[in-house]
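S.K.: Dropping a structure here in structure tokens format, bear with me for questions.
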Amino acid sequence: MACGSYARGCWLVRANLRILGLDKAPARSTVSDANSKRSYRVFESIYFELVRRYISFISDSRLKGLSIRNLKIIDSTTIRLFSDILRGVGRNPLDGSRKKGGIKVHTLMDAFSGVAEFVRITAAKEHDRTFLYHLNLVANSWIVFDRGYNPFRQFARWTKQKIWFVTRMKDNAVFHVTKIIQDNTHKKKPKGVLKEQYITIGYKNEQGEEVRLKLRRIIYKAEDSKVYTFMTNNFILPAEQIALIYKYRWMIELLFKQIKQNFPLRYFWVKARTLLKFRFIACLLPNC
């Protein structure tokens, strides 16, 4: 049963004292005061300890056809709040109405278990790519994300660490083709892999020098006739597998959808940033 306030929550506790094994329900002011002093890291530590302990027992049968076994999915979702709590994204409304802000939940999900392995909660205005700098990945890990994440300097670091990524290339990307591996665009009604190329993209390193990063570009036509342009730093995995890896990126959207549907995250009882994080981490617990 959902609760919309501290008063409602305390009433439910009083109505179910015997089921809960309690002698009496706490006062509303006691609950409010306790939550204001409790760190969200209490629930955060419990969640990640559960993930660490039981990750080997959880698997997702929906992942078929993949030849890799260490795939992580990165994405973020925004939960809208009022801007006096956390600052939002976008321009101020022209009609003078109150701008809505929110929290942005940056998530690293294990594709085979379907649970979040690392979560970072920020103001909604923070750019998605900053999340990549907080990741601690082991060699030969695979990560997939959308084209909102494009820090080529970080891509270069991952290449040196043998961390492989798959993403979509932006339409306005500037690159130079160094080698054409296959070109099937001349075929009649082509589908699947249309083009596979080796390319280089320029970026500035830590010293401000212009250097070029070698990547692999794949143009793929899906079954629904949509054409996607993928980019990866791995030159060994077949192009069809690269397209399949990106296809499974939708799984993290299902995680976000499940959390938002099952838990009333649009109804917050608190006005402090820490307690907003406290509430979201608590919502993750039943999902692991």
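Following the order of the structure tokens, first chain is A, next is B, and so on, with residues numbered from 1 inside each chain and ligands from 1 in the order they appear.
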Determine, using only C-alpha atoms, which residues of region 197-239 of chain A have any atom at most 10 Å from an atom of region 159-176 of chain A, and tabulate each with its shortest atom pair and distance in Å to one decimal place, rows ordered by chain and then rising number, as JSON lines.
M.R.:
```
{"residue": "A:Gln197", "atom": "CA", "partner": "A:His176", "partner_atom": "CA", "distance": 9.9}
{"residue": "A:Tyr198", "atom": "CA", "partner": "A:His176", "partner_atom": "CA", "distance": 8.6}
{"residue": "A:Ile199", "atom": "CA", "partner": "A:His176", "partner_atom": "CA", "distance": 5.4}
{"residue": "A:Thr200", "atom": "CA", "partner": "A:His176", "partner_atom": "CA", "distance": 5.3}
{"residue": "A:Ile201", "atom": "CA", "partner": "A:Phe175", "partner_atom": "CA", "distance": 4.8}
{"residue": "A:Gly202", "atom": "CA", "partner": "A:Phe175", "partner_atom": "CA", "distance": 7.4}
{"residue": "A:Arg212", "atom": "CA", "partner": "A:Phe175", "partner_atom": "CA", "distance": 9.4}
{"residue": "A:Leu213", "atom": "CA", "partner": "A:Thr159", "partner_atom": "CA", "distance": 9.3}
{"residue": "A:Lys214", "atom": "CA", "partner": "A:Thr159", "partner_atom": "CA", "distance": 9.4}
{"residue": "A:Leu215", "atom": "CA", "partner": "A:Thr159", "partner_atom": "CA", "distance": 9.6}
{"residue": "A:Arg216", "atom": "CA", "partner": "A:Val166", "partner_atom": "CA", "distance": 9.8}
{"residue": "A:Arg217", "atom": "CA", "partner": "A:Met169", "partner_atom": "CA", "distance": 8.2}
{"residue": "A:Ile218", "atom": "CA", "partner": "A:Arg168", "partner_atom": "CA", "distance": 9.2}
{"residue": "A:Ile219", "atom": "CA", "partner": "A:Arg168", "partner_atom": "CA", "distance": 9.7}
{"residue": "A:Tyr228", "atom": "CA", "partner": "A:Arg168", "partner_atom": "CA", "distance": 7.2}
{"residue": "A:Thr229", "atom": "CA", "partner": "A:Arg168", "partner_atom": "CA", "distance": 5.6}
{"residue": "A:Phe230", "atom": "CA", "partner": "A:Arg168", "partner_atom": "CA", "distance": 4.3}
{"residue": "A:Met231", "atom": "CA", "partner": "A:Thr167", "partner_atom": "CA", "distance": 5.4}
{"residue": "A:Thr232", "atom": "CA", "partner": "A:Val166", "partner_atom": "CA", "distance": 4.8}
{"residue": "A:Asn233", "atom": "CA", "partner": "A:Trp164", "partner_atom": "CA", "distance": 6.0}
{"residue": "A:Asn234", "atom": "CA", "partner": "A:Trp164", "partner_atom": "CA", "distance": 5.9}
{"residue": "A:Phe235", "atom": "CA", "partner": "A:Trp164", "partner_atom": "CA", "distance": 9.7}
```
S.K.: Return as a PyMOL selection string the full set of residues in region 25-254 of chain A whose backbone-based DSSP assignment is strand (DSSP E).
M.R.: chain A and resi 71-82+100-110+116-123+142-144+164-168+176-183+192-204+210-221+227-232
S.K.: At a cut-off of 7 Å, using only C-alpha atoms, what residues contact region 245-252 of chain A? Leave out same-chain residues fewer than 3 positions from it and give the result as a count of residues only.
M.R.: 10
S.K.: As a list of chain:residue names, please: all residues of region 200-273 of chain A that backbone DSSP puts in alpha helix (DSSP H).
M.R.: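 Alpha helix (DSSP H) members of region 200-273 of chain A, listed: A:Ala239, A:Glu240, A:Gln241, A:Ile242, A:Ala243, A:Leu244, A:Ile245, A:Tyr246, A:Lys247, A:Trp250, A:Met251, A:Ile252, A:Glu253, A:Leu254, A:Leu255, A:Phe256, A:Lys257, A:Gln258, A:Ile259, A:Lys260, A:Gln261, A:Asn262, A:Arg273.
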S.K.: Take the residues that were just selected and, keeping N, CA, C and O atoms, output them as a PDB file, in the first residue's frame.
M.R.:
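Output saved as selection28.pdb:
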```pdb
ATOM      1  N   ALA A 239      31.099  -7.533 -36.576  1.00  0.00           N
ATOM      2  CA  ALA A 239      30.249  -6.344 -36.631  1.00  0.00           C
ATOM      3  C   ALA A 239      28.817  -6.655 -36.191  1.00  0.00           C
ATOM      4  O   ALA A 239      28.155  -5.818 -35.560  1.00  0.00           O
ATOM      5  N   GLU A 240      28.318  -7.843 -36.503  1.00  0.00           N
ATOM      6  CA  GLU A 240      26.970  -8.225 -36.103  1.00  0.00           C
ATOM      7  C   GLU A 240      26.848  -8.280 -34.583  1.00  0.00           C
ATOM      8  O   GLU A 240      25.798  -7.956 -34.019  1.00  0.00           O
ATOM      9  N   GLN A 241      27.913  -8.698 -33.906  1.00  0.00           N
ATOM     10  CA  GLN A 241      27.911  -8.749 -32.443  1.00  0.00           C
ATOM     11  C   GLN A 241      27.901  -7.342 -31.844  1.00  0.00           C
ATOM     12  O   GLN A 241      27.268  -7.104 -30.818  1.00  0.00           O
ATOM     13  N   ILE A 242      28.583  -6.417 -32.490  1.00  0.00           N
ATOM     14  CA  ILE A 242      28.580  -5.027 -32.023  1.00  0.00           C
ATOM     15  C   ILE A 242      27.162  -4.465 -32.070  1.00  0.00           C
ATOM     16  O   ILE A 242      26.698  -3.810 -31.123  1.00  0.00           O
ATOM     17  N   ALA A 243      26.450  -4.741 -33.159  1.00  0.00           N
ATOM     18  CA  ALA A 243      25.059  -4.283 -33.285  1.00  0.00           C
ATOM     19  C   ALA A 243      24.172  -4.949 -32.243  1.00  0.00           C
ATOM     20  O   ALA A 243      23.273  -4.312 -31.674  1.00  0.00           O
ATOM     21  N   LEU A 244      24.417  -6.230 -31.944  1.00  0.00           N
ATOM     22  CA  LEU A 244      23.616  -6.947 -30.956  1.00  0.00           C
ATOM     23  C   LEU A 244      23.858  -6.400 -29.551  1.00  0.00           C
ATOM     24  O   LEU A 244      22.921  -6.293 -28.747  1.00  0.00           O
ATOM     25  N   ILE A 245      25.095  -6.039 -29.256  1.00  0.00           N
ATOM     26  CA  ILE A 245      25.413  -5.447 -27.952  1.00  0.00           C
ATOM     27  C   ILE A 245      24.619  -4.170 -27.754  1.00  0.00           C
ATOM     28  O   ILE A 245      24.029  -3.940 -26.689  1.00  0.00           O
ATOM     29  N   TYR A 246      24.579  -3.320 -28.771  1.00  0.00           N
ATOM     30  CA  TYR A 246      23.828  -2.069 -28.631  1.00  0.00           C
ATOM     31  C   TYR A 246      22.328  -2.343 -28.516  1.00  0.00           C
ATOM     32  O   TYR A 246      21.616  -1.618 -27.815  1.00  0.00           O
ATOM     33  N   LYS A 247      21.851  -3.376 -29.158  1.00  0.00           N
ATOM     34  CA  LYS A 247      20.428  -3.710 -29.080  1.00  0.00           C
ATOM     35  C   LYS A 247      20.014  -3.998 -27.641  1.00  0.00           C
ATOM     36  O   LYS A 247      18.914  -3.644 -27.220  1.00  0.00           O
ATOM     37  N   TRP A 250      18.629  -1.499 -24.293  1.00  0.00           N
ATOM     38  CA  TRP A 250      17.256  -1.189 -23.856  1.00  0.00           C
ATOM     39  C   TRP A 250      16.944  -1.790 -22.493  1.00  0.00           C
ATOM     40  O   TRP A 250      15.999  -1.365 -21.825  1.00  0.00           O
ATOM     41  N   MET A 251      17.734  -2.762 -22.041  1.00  0.00           N
ATOM     42  CA  MET A 251      17.437  -3.419 -20.762  1.00  0.00           C
ATOM     43  C   MET A 251      17.482  -2.445 -19.591  1.00  0.00           C
ATOM     44  O   MET A 251      16.725  -2.572 -18.631  1.00  0.00           O
ATOM     45  N   ILE A 252      18.362  -1.457 -19.653  1.00  0.00           N
ATOM     46  CA  ILE A 252      18.445  -0.501 -18.543  1.00  0.00           C
ATOM     47  C   ILE A 252      17.208   0.398 -18.525  1.00  0.00           C
ATOM     48  O   ILE A 252      16.788   0.865 -17.457  1.00  0.00           O
ATOM     49  N   GLU A 253      16.598   0.631 -19.679  1.00  0.00           N
ATOM     50  CA  GLU A 253      15.353   1.398 -19.718  1.00  0.00           C
ATOM     51  C   GLU A 253      14.236   0.632 -18.994  1.00  0.00           C
ATOM     52  O   GLU A 253      13.378   1.245 -18.340  1.00  0.00           O
ATOM     53  N   LEU A 254      14.252  -0.685 -19.102  1.00  0.00           N
ATOM     54  CA  LEU A 254      13.267  -1.493 -18.386  1.00  0.00           C
ATOM     55  C   LEU A 254      13.475  -1.401 -16.880  1.00  0.00           C
ATOM     56  O   LEU A 254      12.503  -1.398 -16.112  1.00  0.00           O
ATOM     57  N   LEU A 255      14.742  -1.323 -16.450  1.00  0.00           N
ATOM     58  CA  LEU A 255      15.022  -1.167 -15.027  1.00  0.00           C
ATOM     59  C   LEU A 255      14.465   0.152 -14.506  1.00  0.00           C
ATOM     60  O   LEU A 255      13.788   0.192 -13.468  1.00  0.00           O
ATOM     61  N   PHE A 256      14.715   1.243 -15.238  1.00  0.00           N
ATOM     62  CA  PHE A 256      14.199   2.551 -14.833  1.00  0.00           C
ATOM     63  C   PHE A 256      12.670   2.553 -14.818  1.00  0.00           C
ATOM     64  O   PHE A 256      12.046   3.095 -13.902  1.00  0.00           O
ATOM     65  N   LYS A 257      12.073   1.941 -15.833  1.00  0.00           N
ATOM     66  CA  LYS A 257      10.621   1.907 -15.927  1.00  0.00           C
ATOM     67  C   LYS A 257      10.018   1.122 -14.768  1.00  0.00           C
ATOM     68  O   LYS A 257       9.012   1.535 -14.174  1.00  0.00           O
ATOM     69  N   GLN A 258      10.646   0.005 -14.425  1.00  0.00           N
ATOM     70  CA  GLN A 258      10.153  -0.819 -13.326  1.00  0.00           C
ATOM     71  C   GLN A 258      10.208  -0.068 -12.009  1.00  0.00           C
ATOM     72  O   GLN A 258       9.255  -0.098 -11.220  1.00  0.00           O
ATOM     73  N   ILE A 259      11.301   0.627 -11.761  1.00  0.00           N
ATOM     74  CA  ILE A 259      11.453   1.365 -10.508  1.00  0.00           C
ATOM     75  C   ILE A 259      10.426   2.487 -10.421  1.00  0.00           C
ATOM     76  O   ILE A 259       9.775   2.680  -9.390  1.00  0.00           O
ATOM     77  N   LYS A 260      10.252   3.226 -11.501  1.00  0.00           N
ATOM     78  CA  LYS A 260       9.317   4.357 -11.481  1.00  0.00           C
ATOM     79  C   LYS A 260       7.864   3.904 -11.378  1.00  0.00           C
ATOM     80  O   LYS A 260       7.038   4.591 -10.781  1.00  0.00           O
ATOM     81  N   GLN A 261       7.532   2.746 -11.962  1.00  0.00           N
ATOM     82  CA  GLN A 261       6.160   2.259 -11.905  1.00  0.00           C
ATOM     83  C   GLN A 261       5.822   1.624 -10.566  1.00  0.00           C
ATOM     84  O   GLN A 261       4.719   1.775 -10.057  1.00  0.00           O
ATOM     85  N   ASN A 262       6.777   0.910  -9.993  1.00  0.00           N
ATOM     86  CA  ASN A 262       6.513   0.185  -8.755  1.00  0.00           C
ATOM     87  C   ASN A 262       6.621   1.046  -7.507  1.00  0.00           C
ATOM     88  O   ASN A 262       6.053   0.704  -6.467  1.00  0.00           O
ATOM     89  N   ARG A 273      18.435  17.297  -0.113  1.00  0.00           N
ATOM     90  CA  ARG A 273      19.039  16.499  -1.168  1.00  0.00           C
ATOM     91  C   ARG A 273      19.427  15.108  -0.666  1.00  0.00           C
ATOM     92  O   ARG A 273      19.213  14.107  -1.356  1.00  0.00           O
TER      93      ARG A 273
END
```
